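**Student:** Coordinates in data01.cif, mmCIF, C-alpha atoms and all ligand atoms, are listed below.
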data_start
loop_
_atom_site.group_PDB
_atom_site.id
_atom_site.type_symbol
_atom_site.label_atom_id
_atom_site.label_comp_id
_atom_site.auth_asym_id
_atom_site.auth_seq_id
_atom_site.Cartn_x
_atom_site.Cartn_y
_atom_site.Cartn_z
ATOM 1 C CA MET U 1 -13.814 -22.011 3.951
ATOM 2 C CA SER U 2 -10.791 -19.977 5.085
ATOM 3 C CA LYS U 3 -11.168 -16.903 7.201
ATOM 4 C CA ARG U 4 -11.301 -13.616 5.266
ATOM 5 C CA MET U 5 -8.910 -10.851 6.324
ATOM 6 C CA ARG U 6 -10.490 -8.013 8.306
ATOM 7 C CA LYS U 7 -7.388 -6.132 9.382
ATOM 8 C CA VAL U 8 -5.038 -4.208 7.132
ATOM 9 C CA VAL U 9 -1.649 -2.853 8.161
ATOM 10 C CA PHE U 10 -0.234 0.352 6.683
ATOM 11 C CA PRO U 11 3.502 0.633 7.365
ATOM 12 C CA VAL U 12 4.026 4.394 7.228
ATOM 13 C CA ALA U 13 7.025 4.903 9.490
ATOM 14 C CA GLY U 14 9.584 5.362 6.693
ATOM 15 C CA LEU U 15 11.544 8.583 6.395
ATOM 16 C CA GLY U 16 10.473 9.410 2.825
ATOM 17 C CA THR U 17 13.900 10.765 1.904
ATOM 18 C CA ARG U 18 13.101 10.867 -1.823
ATOM 19 C CA PHE U 19 10.648 13.675 -1.152
ATOM 20 C CA LEU U 20 12.859 15.845 1.012
ATOM 21 C CA PRO U 21 12.620 18.718 1.804
ATOM 22 C CA ALA U 22 8.784 18.414 1.689
ATOM 23 C CA THR U 23 8.896 15.339 3.957
ATOM 24 C CA LYS U 24 10.669 17.319 6.681
ATOM 25 C CA VAL U 25 7.152 18.274 7.753
ATOM 26 C CA VAL U 26 4.677 16.564 5.398
ATOM 27 C CA ALA U 27 4.357 12.794 5.761
ATOM 28 C CA LYS U 28 4.919 11.145 2.372
ATOM 29 C CA GLU U 29 1.516 9.468 2.665
ATOM 30 C CA MET U 30 -0.139 12.882 2.915
ATOM 31 C CA LEU U 31 1.169 14.028 -0.478
ATOM 32 C CA PRO U 32 -1.928 14.628 -2.603
ATOM 33 C CA VAL U 33 -2.904 13.168 -5.944
ATOM 34 C CA LEU U 34 -5.365 15.884 -6.955
ATOM 35 C CA ASP U 35 -7.436 16.564 -3.826
ATOM 36 C CA ARG U 36 -6.848 13.325 -1.898
ATOM 37 C CA PRO U 37 -3.724 12.236 -0.046
ATOM 38 C CA LEU U 38 -2.063 8.932 -0.942
ATOM 39 C CA ILE U 39 -3.221 7.421 2.351
ATOM 40 C CA GLN U 40 -6.872 7.975 1.343
ATOM 41 C CA TYR U 41 -6.466 5.909 -1.839
ATOM 42 C CA ALA U 42 -4.807 3.161 0.232
ATOM 43 C CA VAL U 43 -7.539 3.183 2.892
ATOM 44 C CA ASP U 44 -10.310 3.128 0.265
ATOM 45 C CA GLU U 45 -8.706 0.037 -1.272
ATOM 46 C CA ALA U 46 -8.538 -1.696 2.121
ATOM 47 C CA VAL U 47 -12.173 -0.873 2.905
ATOM 48 C CA ASP U 48 -13.175 -2.121 -0.567
ATOM 49 C CA ALA U 49 -11.425 -5.392 0.344
ATOM 50 C CA GLY U 50 -13.609 -5.774 3.467
ATOM 51 C CA ALA U 51 -11.291 -4.362 6.139
ATOM 52 C CA ASP U 52 -12.902 -3.081 9.334
ATOM 53 C CA THR U 53 -9.682 -2.461 11.298
ATOM 54 C CA LEU U 54 -6.886 -0.323 9.908
ATOM 55 C CA VAL U 55 -3.551 -0.504 11.677
ATOM 56 C CA PHE U 56 -1.171 2.367 10.968
ATOM 57 C CA VAL U 57 2.444 1.760 11.914
ATOM 58 C CA THR U 58 3.812 5.281 12.268
ATOM 59 C CA ASN U 59 6.806 6.985 13.814
ATOM 60 C CA ARG U 60 6.650 9.454 16.660
ATOM 61 C CA TYR U 61 6.772 12.463 14.321
ATOM 62 C CA LYS U 62 3.837 11.561 12.101
ATOM 63 C CA HIS U 63 0.638 12.937 13.573
ATOM 64 C CA ALA U 64 -0.905 14.096 10.309
ATOM 65 C CA ILE U 65 -2.360 10.695 9.412
ATOM 66 C CA ALA U 66 -4.198 10.381 12.732
ATOM 67 C CA ASP U 67 -5.405 13.993 12.419
ATOM 68 C CA TYR U 68 -6.606 13.362 8.880
ATOM 69 C CA PHE U 69 -8.898 10.496 9.907
ATOM 70 C CA ASP U 70 -10.046 12.225 13.110
ATOM 71 C CA LYS U 71 -13.109 14.443 13.420
ATOM 72 C CA ALA U 72 -12.407 18.085 12.464
ATOM 73 C CA TYR U 73 -14.914 19.778 14.822
ATOM 74 C CA GLU U 74 -14.355 23.423 13.926
ATOM 75 C CA LEU U 75 -14.190 22.876 10.176
ATOM 76 C CA GLU U 76 -17.222 20.593 10.193
ATOM 77 C CA SER U 77 -19.378 22.997 12.210
ATOM 78 C CA LYS U 78 -18.382 25.942 9.954
ATOM 79 C CA LEU U 79 -19.265 23.967 6.817
ATOM 80 C CA ALA U 80 -22.571 22.856 8.394
ATOM 81 C CA GLN U 81 -23.461 26.448 9.428
ATOM 82 C CA SER U 82 -22.770 27.781 5.956
ATOM 83 C CA GLY U 83 -24.778 24.994 4.315
ATOM 84 C CA LYS U 84 -21.781 23.616 2.396
ATOM 85 C CA ASN U 85 -23.115 20.099 2.603
ATOM 86 C CA ASP U 86 -21.085 18.621 -0.262
ATOM 87 C CA LEU U 87 -17.843 19.732 1.335
ATOM 88 C CA LEU U 88 -19.053 18.555 4.751
ATOM 89 C CA ALA U 89 -19.801 15.096 3.351
ATOM 90 C CA MET U 90 -16.346 15.019 1.800
ATOM 91 C CA VAL U 91 -14.630 15.949 5.075
ATOM 92 C CA GLN U 92 -16.688 13.407 7.032
ATOM 93 C CA GLY U 93 -16.332 10.701 4.404
ATOM 94 C CA THR U 94 -12.638 9.890 4.813
ATOM 95 C CA LEU U 95 -13.576 6.735 6.712
ATOM 96 C CA PRO U 96 -16.833 4.709 6.839
ATOM 97 C CA LYS U 97 -18.462 4.524 10.291
ATOM 98 C CA HIS U 98 -17.912 0.773 10.783
ATOM 99 C CA VAL U 99 -14.131 1.078 10.312
ATOM 100 C CA ARG U 100 -11.782 1.715 13.245
ATOM 101 C CA CYS U 101 -8.204 2.963 13.170
ATOM 102 C CA VAL U 102 -5.444 1.774 15.468
ATOM 103 C CA PHE U 103 -2.079 3.527 15.622
ATOM 104 C CA VAL U 104 1.102 1.806 16.716
ATOM 105 C CA THR U 105 4.582 3.267 16.787
ATOM 106 C CA GLN U 106 7.667 1.790 15.199
ATOM 107 C CA PRO U 107 10.329 3.082 17.613
ATOM 108 C CA GLU U 108 13.095 3.016 14.984
ATOM 109 C CA ALA U 109 12.983 2.636 11.180
ATOM 110 C CA LEU U 110 14.477 -0.875 11.141
ATOM 111 C CA GLY U 111 12.823 -1.955 7.897
ATOM 112 C CA LEU U 112 9.479 -2.951 6.407
ATOM 113 C CA GLY U 113 9.519 -6.378 8.085
ATOM 114 C CA HIS U 114 10.076 -4.764 11.473
ATOM 115 C CA ALA U 115 7.275 -2.243 10.813
ATOM 116 C CA VAL U 116 4.845 -5.077 10.028
ATOM 117 C CA LEU U 117 5.939 -6.929 13.182
ATOM 118 C CA CYS U 118 4.976 -3.853 15.244
ATOM 119 C CA ALA U 119 1.333 -4.572 14.269
ATOM 120 C CA LYS U 120 1.382 -8.062 15.856
ATOM 121 C CA PRO U 121 -0.360 -7.105 19.132
ATOM 122 C CA VAL U 122 -3.299 -5.667 17.165
ATOM 123 C CA VAL U 123 -3.563 -8.280 14.417
ATOM 124 C CA GLY U 124 -2.916 -11.455 16.442
ATOM 125 C CA ASP U 125 -3.092 -14.829 14.736
ATOM 126 C CA GLU U 126 -5.355 -14.128 11.794
ATOM 127 C CA PRO U 127 -4.943 -13.389 8.087
ATOM 128 C CA PHE U 128 -4.285 -9.726 7.380
ATOM 129 C CA GLY U 129 -3.434 -7.373 4.545
ATOM 130 C CA VAL U 130 -0.463 -5.050 4.129
ATOM 131 C CA VAL U 131 -0.772 -1.961 1.951
ATOM 132 C CA LEU U 132 2.124 0.371 1.152
ATOM 133 C CA PRO U 133 0.383 3.657 0.382
ATOM 134 C CA ASP U 134 3.122 4.948 -1.907
ATOM 135 C CA ASP U 135 2.148 2.242 -4.403
ATOM 136 C CA LEU U 136 -1.119 3.708 -5.628
ATOM 137 C CA ILE U 137 -2.974 0.938 -7.502
ATOM 138 C CA TRP U 138 -5.943 2.138 -9.494
ATOM 139 C CA ASN U 139 -8.508 -0.168 -11.048
ATOM 140 C CA GLY U 140 -11.229 2.377 -11.873
ATOM 141 C CA ARG U 141 -14.647 1.007 -10.965
ATOM 142 C CA GLY U 142 -13.371 -2.589 -10.817
ATOM 143 C CA ALA U 143 -12.357 -4.471 -7.648
ATOM 144 C CA GLY U 144 -9.275 -3.025 -5.989
ATOM 145 C CA ALA U 145 -6.052 -5.043 -6.008
ATOM 146 C CA LEU U 146 -6.358 -5.996 -2.314
ATOM 147 C CA ARG U 147 -9.918 -7.297 -2.795
ATOM 148 C CA GLN U 148 -8.765 -9.405 -5.741
ATOM 149 C CA MET U 149 -5.980 -10.815 -3.552
ATOM 150 C CA SER U 150 -8.163 -11.454 -0.508
ATOM 151 C CA ASP U 151 -10.691 -13.323 -2.697
ATOM 152 C CA LEU U 152 -7.884 -15.469 -4.098
ATOM 153 C CA SER U 153 -6.515 -16.208 -0.623
ATOM 154 C CA VAL U 154 -9.950 -17.390 0.581
ATOM 155 C CA ARG U 155 -10.394 -19.567 -2.534
ATOM 156 C CA GLU U 156 -6.923 -21.065 -1.988
ATOM 157 C CA ASN U 157 -7.420 -22.148 1.653
ATOM 158 C CA GLY U 158 -5.798 -19.110 3.234
ATOM 159 C CA ALA U 159 -2.636 -19.134 1.121
ATOM 160 C CA GLY U 160 -0.494 -16.012 1.370
ATOM 161 C CA VAL U 161 -0.882 -13.807 -1.700
ATOM 162 C CA ILE U 162 1.661 -11.234 -2.827
ATOM 163 C CA ALA U 163 1.129 -8.666 -5.563
ATOM 164 C CA VAL U 164 3.690 -8.787 -8.354
ATOM 165 C CA GLU U 165 4.337 -6.849 -11.511
ATOM 166 C CA GLU U 166 6.820 -7.269 -14.357
ATOM 167 C CA VAL U 167 9.569 -4.667 -14.223
ATOM 168 C CA ALA U 168 12.431 -3.863 -16.577
ATOM 169 C CA ARG U 169 15.408 -6.218 -15.999
ATOM 170 C CA GLU U 170 17.684 -3.348 -14.984
ATOM 171 C CA GLN U 171 15.258 -2.509 -12.151
ATOM 172 C CA THR U 172 15.400 -5.869 -10.301
ATOM 173 C CA ASP U 173 17.768 -4.509 -7.656
ATOM 174 C CA LYS U 174 15.054 -2.115 -6.457
ATOM 175 C CA TYR U 175 12.521 -4.851 -5.605
ATOM 176 C CA GLY U 176 11.953 -8.241 -4.042
ATOM 177 C CA ILE U 177 11.944 -10.626 -7.014
ATOM 178 C CA VAL U 178 10.096 -13.955 -7.208
ATOM 179 C CA ASP U 179 10.598 -17.168 -9.094
ATOM 180 C CA ALA U 180 7.126 -18.670 -9.544
ATOM 181 C CA SER U 181 5.335 -21.481 -11.424
ATOM 182 C CA PRO U 182 2.134 -20.337 -13.181
ATOM 183 C CA LEU U 183 -1.187 -21.696 -11.854
ATOM 184 C CA SER U 184 -3.599 -19.541 -13.851
ATOM 185 C CA GLU U 185 -3.620 -16.396 -15.956
ATOM 186 C CA ARG U 186 -2.825 -14.150 -12.973
ATOM 187 C CA ALA U 187 -1.652 -16.439 -10.156
ATOM 188 C CA ALA U 188 1.558 -18.403 -9.733
ATOM 189 C CA LYS U 189 3.048 -20.520 -6.941
ATOM 190 C CA ILE U 190 6.165 -18.883 -5.556
ATOM 191 C CA ASN U 191 9.262 -21.102 -5.430
ATOM 192 C CA LEU U 192 11.746 -18.496 -4.298
ATOM 193 C CA VAL U 193 11.951 -14.818 -3.296
ATOM 194 C CA VAL U 194 15.116 -12.728 -3.355
ATOM 195 C CA GLU U 195 15.439 -9.183 -2.044
ATOM 196 C CA LYS U 196 16.919 -6.691 -4.518
ATOM 197 C CA PRO U 197 19.002 -9.066 -6.724
ATOM 198 C CA LYS U 198 21.308 -7.600 -9.362
ATOM 199 C CA PRO U 199 19.808 -7.983 -12.875
ATOM 200 C CA ASP U 200 22.306 -10.698 -13.923
ATOM 201 C CA VAL U 201 21.400 -12.993 -10.995
ATOM 202 C CA ALA U 202 17.679 -12.169 -10.622
ATOM 203 C CA PRO U 203 15.533 -15.331 -11.029
ATOM 204 C CA SER U 204 12.952 -13.368 -13.103
ATOM 205 C CA ASN U 205 11.675 -9.838 -13.605
ATOM 206 C CA LEU U 206 8.506 -10.406 -11.514
ATOM 207 C CA ALA U 207 8.749 -7.816 -8.757
ATOM 208 C CA ILE U 208 6.883 -7.712 -5.447
ATOM 209 C CA VAL U 209 4.885 -4.499 -5.102
ATOM 210 C CA GLY U 210 3.072 -2.945 -2.148
ATOM 211 C CA ARG U 211 0.184 -5.359 -1.432
ATOM 212 C CA TYR U 212 0.234 -8.545 0.623
ATOM 213 C CA VAL U 213 -2.305 -10.903 2.193
ATOM 214 C CA LEU U 214 -0.479 -12.880 4.858
ATOM 215 C CA PRO U 215 -1.255 -15.431 7.577
ATOM 216 C CA GLY U 216 -0.673 -14.461 11.242
ATOM 217 C CA ARG U 217 2.178 -16.990 11.293
ATOM 218 C CA ILE U 218 4.360 -14.421 9.501
ATOM 219 C CA PHE U 219 4.774 -12.530 12.809
ATOM 220 C CA GLU U 220 6.568 -15.466 14.463
ATOM 221 C CA LEU U 221 8.817 -15.753 11.430
ATOM 222 C CA LEU U 222 9.541 -12.014 11.534
ATOM 223 C CA GLU U 223 10.552 -12.323 15.188
ATOM 224 C CA THR U 224 13.473 -14.516 14.173
ATOM 225 C CA THR U 225 14.328 -12.717 10.905
ATOM 226 C CA LYS U 226 17.819 -11.211 10.992
ATOM 227 C CA PRO U 227 18.606 -7.908 9.257
ATOM 228 C CA GLY U 228 19.070 -8.565 5.511
ATOM 229 C CA ALA U 229 19.577 -6.334 2.453
ATOM 230 C CA GLY U 230 20.478 -2.759 3.503
ATOM 231 C CA GLY U 231 20.788 -3.859 7.157
ATOM 232 C CA GLU U 232 16.970 -3.785 7.466
ATOM 233 C CA ILE U 233 14.581 -6.477 8.685
ATOM 234 C CA GLN U 234 13.024 -7.460 5.399
ATOM 235 C CA LEU U 235 9.461 -8.738 4.985
ATOM 236 C CA THR U 236 10.731 -10.677 1.955
ATOM 237 C CA ASP U 237 13.055 -12.748 4.176
ATOM 238 C CA ALA U 238 10.159 -13.793 6.444
ATOM 239 C CA ILE U 239 8.121 -14.685 3.342
ATOM 240 C CA GLU U 240 11.021 -16.861 2.200
ATOM 241 C CA ALA U 241 10.779 -18.703 5.552
ATOM 242 C CA LEU U 242 6.982 -18.998 5.162
ATOM 243 C CA LEU U 243 7.484 -20.696 1.774
ATOM 244 C CA ALA U 244 9.137 -23.638 3.516
ATOM 245 C CA GLU U 245 5.882 -24.258 5.413
ATOM 246 C CA ARG U 246 3.040 -23.436 3.061
ATOM 247 C CA SER U 247 1.983 -22.148 -0.354
ATOM 248 C CA VAL U 248 2.431 -18.506 -1.107
ATOM 249 C CA LEU U 249 1.038 -17.163 -4.367
ATOM 250 C CA ALA U 250 2.261 -14.367 -6.583
ATOM 251 C CA TYR U 251 -0.633 -12.464 -8.111
ATOM 252 C CA ARG U 252 -0.596 -10.157 -11.136
ATOM 253 C CA PHE U 253 -3.400 -7.808 -10.158
ATOM 254 C CA GLU U 254 -5.833 -6.052 -12.467
ATOM 255 C CA GLY U 255 -5.160 -2.310 -12.348
ATOM 256 C CA THR U 256 -2.391 0.210 -12.854
ATOM 257 C CA ARG U 257 0.320 0.814 -10.273
ATOM 258 C CA PHE U 258 1.851 4.239 -9.790
ATOM 259 C CA ASP U 259 5.028 4.222 -7.719
ATOM 260 C CA CYS U 260 4.367 7.443 -5.825
ATOM 261 C CA GLY U 261 7.446 6.883 -3.658
ATOM 262 C CA ASN U 262 9.340 8.730 -6.383
ATOM 263 C CA LYS U 263 8.679 12.012 -8.149
ATOM 264 C CA LEU U 264 7.942 10.686 -11.638
ATOM 265 C CA GLY U 265 5.419 8.183 -10.256
ATOM 266 C CA LEU U 266 3.579 10.955 -8.404
ATOM 267 C CA VAL U 267 3.495 13.089 -11.575
ATOM 268 C CA LYS U 268 2.117 10.134 -13.581
ATOM 269 C CA ALA U 269 -0.554 9.369 -10.964
ATOM 270 C CA THR U 270 -1.638 13.010 -10.888
ATOM 271 C CA LEU U 271 -1.952 13.181 -14.674
ATOM 272 C CA ALA U 272 -3.780 9.842 -14.859
ATOM 273 C CA MET U 273 -6.288 10.934 -12.195
ATOM 274 C CA ALA U 274 -6.783 14.311 -13.877
ATOM 275 C CA LEU U 275 -7.621 12.481 -17.103
ATOM 276 C CA GLU U 276 -10.276 10.465 -15.183
ATOM 277 C CA ASP U 277 -11.915 13.612 -13.826
ATOM 278 C CA PRO U 278 -14.652 14.953 -16.142
ATOM 279 C CA ALA U 279 -13.927 18.547 -15.095
ATOM 280 C CA LEU U 280 -10.184 18.233 -15.674
ATOM 281 C CA VAL U 281 -9.792 15.887 -18.623
ATOM 282 C CA GLU U 282 -9.998 18.444 -21.456
ATOM 283 C CA PRO U 283 -7.974 21.260 -19.841
ATOM 284 C CA THR U 284 -5.316 18.718 -18.823
ATOM 285 C CA LYS U 285 -5.079 17.308 -22.356
ATOM 286 C CA GLY U 286 -4.878 20.861 -23.715
ATOM 287 C CA PHE U 287 -2.075 21.713 -21.306
ATOM 288 C CA ILE U 288 -0.109 18.563 -22.187
ATOM 289 C CA ARG U 289 -0.406 19.382 -25.903
ATOM 290 C CA GLU U 290 0.764 22.940 -25.208
ATOM 291 C CA LEU U 291 3.796 21.646 -23.292
ATOM 292 C CA CYS U 292 4.714 19.189 -26.059
ATOM 293 C CA ASP U 293 4.358 21.616 -28.995
HETATM 294 P P1 LIG V 301 10.551 2.878 1.427
HETATM 295 O O1 LIG V 301 11.569 1.912 1.005
HETATM 296 O O2 LIG V 301 9.772 3.565 0.364
HETATM 297 O O3 LIG V 301 11.228 3.937 2.390
HETATM 298 O O4 LIG V 301 9.562 2.098 2.411
HETATM 299 P P2 LIG V 301 10.705 5.365 2.825
HETATM 300 O O5 LIG V 301 11.478 5.762 4.027
HETATM 301 O O6 LIG V 301 9.218 5.390 2.959
HETATM 302 O O7 LIG V 301 11.064 6.327 1.593
HETATM 303 P P3 LIG V 301 12.492 6.772 0.991
HETATM 304 O O8 LIG V 301 13.028 5.563 0.256
HETATM 305 O O9 LIG V 301 13.386 7.212 2.109
HETATM 306 O O10 LIG V 301 12.133 7.895 0.070
HETATM 307 C C1 LIG V 301 8.514 1.290 1.925
HETATM 308 C C2 LIG V 301 7.352 1.340 2.901
HETATM 309 O O11 LIG V 301 7.734 0.780 4.147
HETATM 310 C C3 LIG V 301 7.528 1.701 5.193
HETATM 311 C C4 LIG V 301 7.533 3.070 4.518
HETATM 312 O O12 LIG V 301 6.805 4.003 5.300
HETATM 313 C C5 LIG V 301 6.880 2.753 3.185
HETATM 314 O O13 LIG V 301 5.453 2.703 3.302
HETATM 315 N N1 LIG V 301 8.630 1.528 6.178
HETATM 316 C C6 LIG V 301 9.914 1.342 5.762
HETATM 317 C C7 LIG V 301 8.336 1.552 7.527
HETATM 318 O O14 LIG V 301 7.165 1.739 7.938
HETATM 319 N N2 LIG V 301 9.350 1.378 8.427
HETATM 320 C C8 LIG V 301 10.632 1.159 8.030
HETATM 321 O O15 LIG V 301 11.514 0.988 8.901
HETATM 322 C C9 LIG V 301 10.914 1.159 6.668
#
Spell out the structure here as structure tokens.

**Tutor:**
Amino acid sequence: MSKRMRKVVFPVAGLGTRFLPATKVVAKEMLPVLDRPLIQYAVDEAVDAGADTLVFVTNRYKHAIADYFDKAYELESKLAQSGKNDLLAMVQGTLPKHVRCVFVTQPEALGLGHAVLCAKPVVGDEPFGVVLPDDLIWNGRGAGALRQMSDLSVRENGAGVIAVEEVAREQTDKYGIVDASPLSERAAKINLVVEKPKPDVAPSNLAIVGRYVLPGRIFELLETTKPGAGGEIQLTDAIEALLAERSVLAYRFEGTRFDCGNKLGLVKATLAMALEDPALVEPTKGFIRELCD
């Protein structure tokens, strides 16, 4: 039986330029969908997948994520004194007790591949997950996307597993695109990955989205990966090198992805979550009708 991943890396050192000016001071991952920041959804998914070590790759300006998961002494004692136990539980419940956080710095935003490589000293040579918090993937009460992927990796002898989703042809140049041979309803064996191909040369419209389960070997491959598309060190290029050595699977997860790295995606996620909330569903529907009339 292959080893199950226990560590999950959150690359959160990007500049978040699509949300400027807010991201001058608010980390993109702290933008809320209703009352919870994006990073909370991402962490919950990692914990659901069995993670006990969360590795945040941040830049030197982002302290909010560490603060968010830290103890808030003054707030907690005020809530306790005033008997606001529900709120206290909410504030204390951002992270289960058995889970630890490790913060590493990416000195310069040299790309997603470089950000993942910064986690090497913490992860070592074992399978690990990567979650990009701006892809919020919601599967209601069902298993989260990362759990589905980790289960598949264990069943497939530790194969790398990458989340994919069909996108419109004209969008291929925004994603890593795979060419893959189907193995089952949701899984396929990747033959080729290409970073941001133009629609007319893209091998398919199956796009890589923000979830990965990878073997520790990827770090060595990243160490020799040269800057690729956009002058950045691309995780996709290291995955291409990994393909020459072992099986990597593309996995069409169960759940809905909201691309909260852009404004429309954040609006959609907020509306979808409001419609899941018993207290908000009717007023939200009423408001949408009002807007559309
Ligand atoms: P994006 O491509 O969304 O870039 O990065 P960004 O800087 O976050 O946002 P925009 O495009 O300027 O609005 C994808 C993920 O990779 C991380 C980001 O934090 C995000 O989670 N990343 C990217 C890094 O951690 N370091 C990098 O050098 C680049």

**Student:** Apply the PyMOL selection byres (((not hetatm)) within 10 of (chain V and resi 301)) to the displayed file and report the matching residues as a PyMOL selection string.

**Tutor:** chain U and resi 9-20+23+27-29+39+56-59+105-116+118+130-135+174-175+209-210+232-235+259-263

**Student:** For Leu275 of chain U, which residue among U:Asp48, U:Gln92, U:Glu170, U:Leu34 is the nearest when counting only C-alpha atoms?

**Tutor:**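 Comparing U:Asp48, U:Gln92, U:Glu170, U:Leu34 against Leu275 of chain U, the winner is U:Leu34.
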
**Student:** Here is a test: counting all atoms listed in the file, which residue of U:Ser2, U:Ser181, U:Arg100, U:Lys78 is nearest to Ala66 of chain U?

**Tutor:**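 Result for the nearest residue to Ala66 of chain U: U:Arg100.
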
**Student:** Could you tell me how far atom CA of Ala163 of chain U sits from atom CA of Ala145 of chain U, in Å to one decimal place?

**Tutor:** 8.1 Å

**Student:** Figure out the distance between atom CA of Leu75 of chain U and atom CA of Ala22 of chain U, please, to one decimal in Å.

**Tutor:** 24.9 Å

**Student:** For Glu220 of chain U, work out the shell of residues within 10 Å, counting all atoms listed in the file and skipping chain neighbours fewer than 6 positions away, then give it as a list in words.

**Tutor:** Leu117, Lys120, Asp125, Ala238 and Leu242 of chain U

**Student:** For Asp70 of chain U, which residue among U:Val161, U:Leu95, U:Met5, U:Ala49 is the nearest when counting all atoms listed in the file?

**Tutor:** U:Leu95

**Student:** Name the residues in contact with Val154 of chain U at a cut-off of 9 Å, using all atoms listed in the file, excluding same-chain residues fewer than 5 positions from it; report them as a PyMOL selection string.

**Tutor:** chain U and resi 1-5+149+159

**Student:** For each of U:Phe128, U:Gly50, U:Asp86, U:Phe103, take the minimum atom-to-atom distance to Asp67 of chain U, counting all atoms listed in the file, then give the residue where this is smallest.

**Tutor:** U:Phe103

**Student:** Rank U:Thr172, U:Ser247, U:Ser204, U:Thr225 by their smallest atom-to-atom distance to Ile190 of chain U, using all atoms listed in the file, and report the top residue only.

**Tutor:**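 The closest residue to Ile190 of chain U is U:Ser247.
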
**Student:** Around the point (8.1, -15.6, -7.8), in the coordinates given by the file, pick out the residues reaching within 7 Å, counting only C-alpha atoms, and return them as a list in words.

**Tutor:**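 Residues with an atom close enough to that point: Ile177, Val178, Asp179, Ala180, Ile190, Asn191, Leu192, Val193, Leu206 and Ala250 of chain U.
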
**Student:** Mind rebuilding segment 205-209 of chain U with all heavy atoms and writing that out as a compact mmCIF listing (two decimals), in the coordinates of the input?

**Tutor:**
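Once everything was written out, this is part-v8.txt:
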# COMPACT_ATOMS: atom_id res chain seq x y z
N ASN U 205 11.90 -11.28 -13.75
CA ASN U 205 11.68 -9.84 -13.60
C ASN U 205 10.30 -9.58 -12.97
O ASN U 205 9.71 -8.52 -13.15
CB ASN U 205 11.82 -9.11 -14.95
CG ASN U 205 10.75 -9.53 -15.94
OD1 ASN U 205 10.16 -10.59 -15.80
ND2 ASN U 205 10.50 -8.69 -16.93
N LEU U 206 9.79 -10.58 -12.23
CA LEU U 206 8.51 -10.41 -11.51
C LEU U 206 8.79 -9.80 -10.14
O LEU U 206 9.33 -10.48 -9.25
CB LEU U 206 7.83 -11.75 -11.32
CG LEU U 206 6.79 -12.20 -12.34
CD1 LEU U 206 6.05 -13.42 -11.81
CD2 LEU U 206 5.80 -11.08 -12.67
N ALA U 207 8.39 -8.56 -9.97
CA ALA U 207 8.75 -7.82 -8.76
C ALA U 207 7.58 -7.76 -7.78
O ALA U 207 6.42 -7.61 -8.19
CB ALA U 207 9.14 -6.40 -9.13
N ILE U 208 7.90 -7.86 -6.50
CA ILE U 208 6.88 -7.71 -5.45
C ILE U 208 6.57 -6.22 -5.31
O ILE U 208 7.46 -5.39 -5.18
CB ILE U 208 7.41 -8.26 -4.10
CG1 ILE U 208 7.73 -9.76 -4.23
CG2 ILE U 208 6.42 -7.99 -2.98
CD1 ILE U 208 8.34 -10.38 -2.98
N VAL U 209 5.28 -5.89 -5.32
CA VAL U 209 4.88 -4.50 -5.10
C VAL U 209 4.03 -4.41 -3.83
O VAL U 209 3.83 -5.43 -3.16
CB VAL U 209 4.18 -3.91 -6.35
CG1 VAL U 209 5.12 -3.93 -7.55
CG2 VAL U 209 2.89 -4.63 -6.65
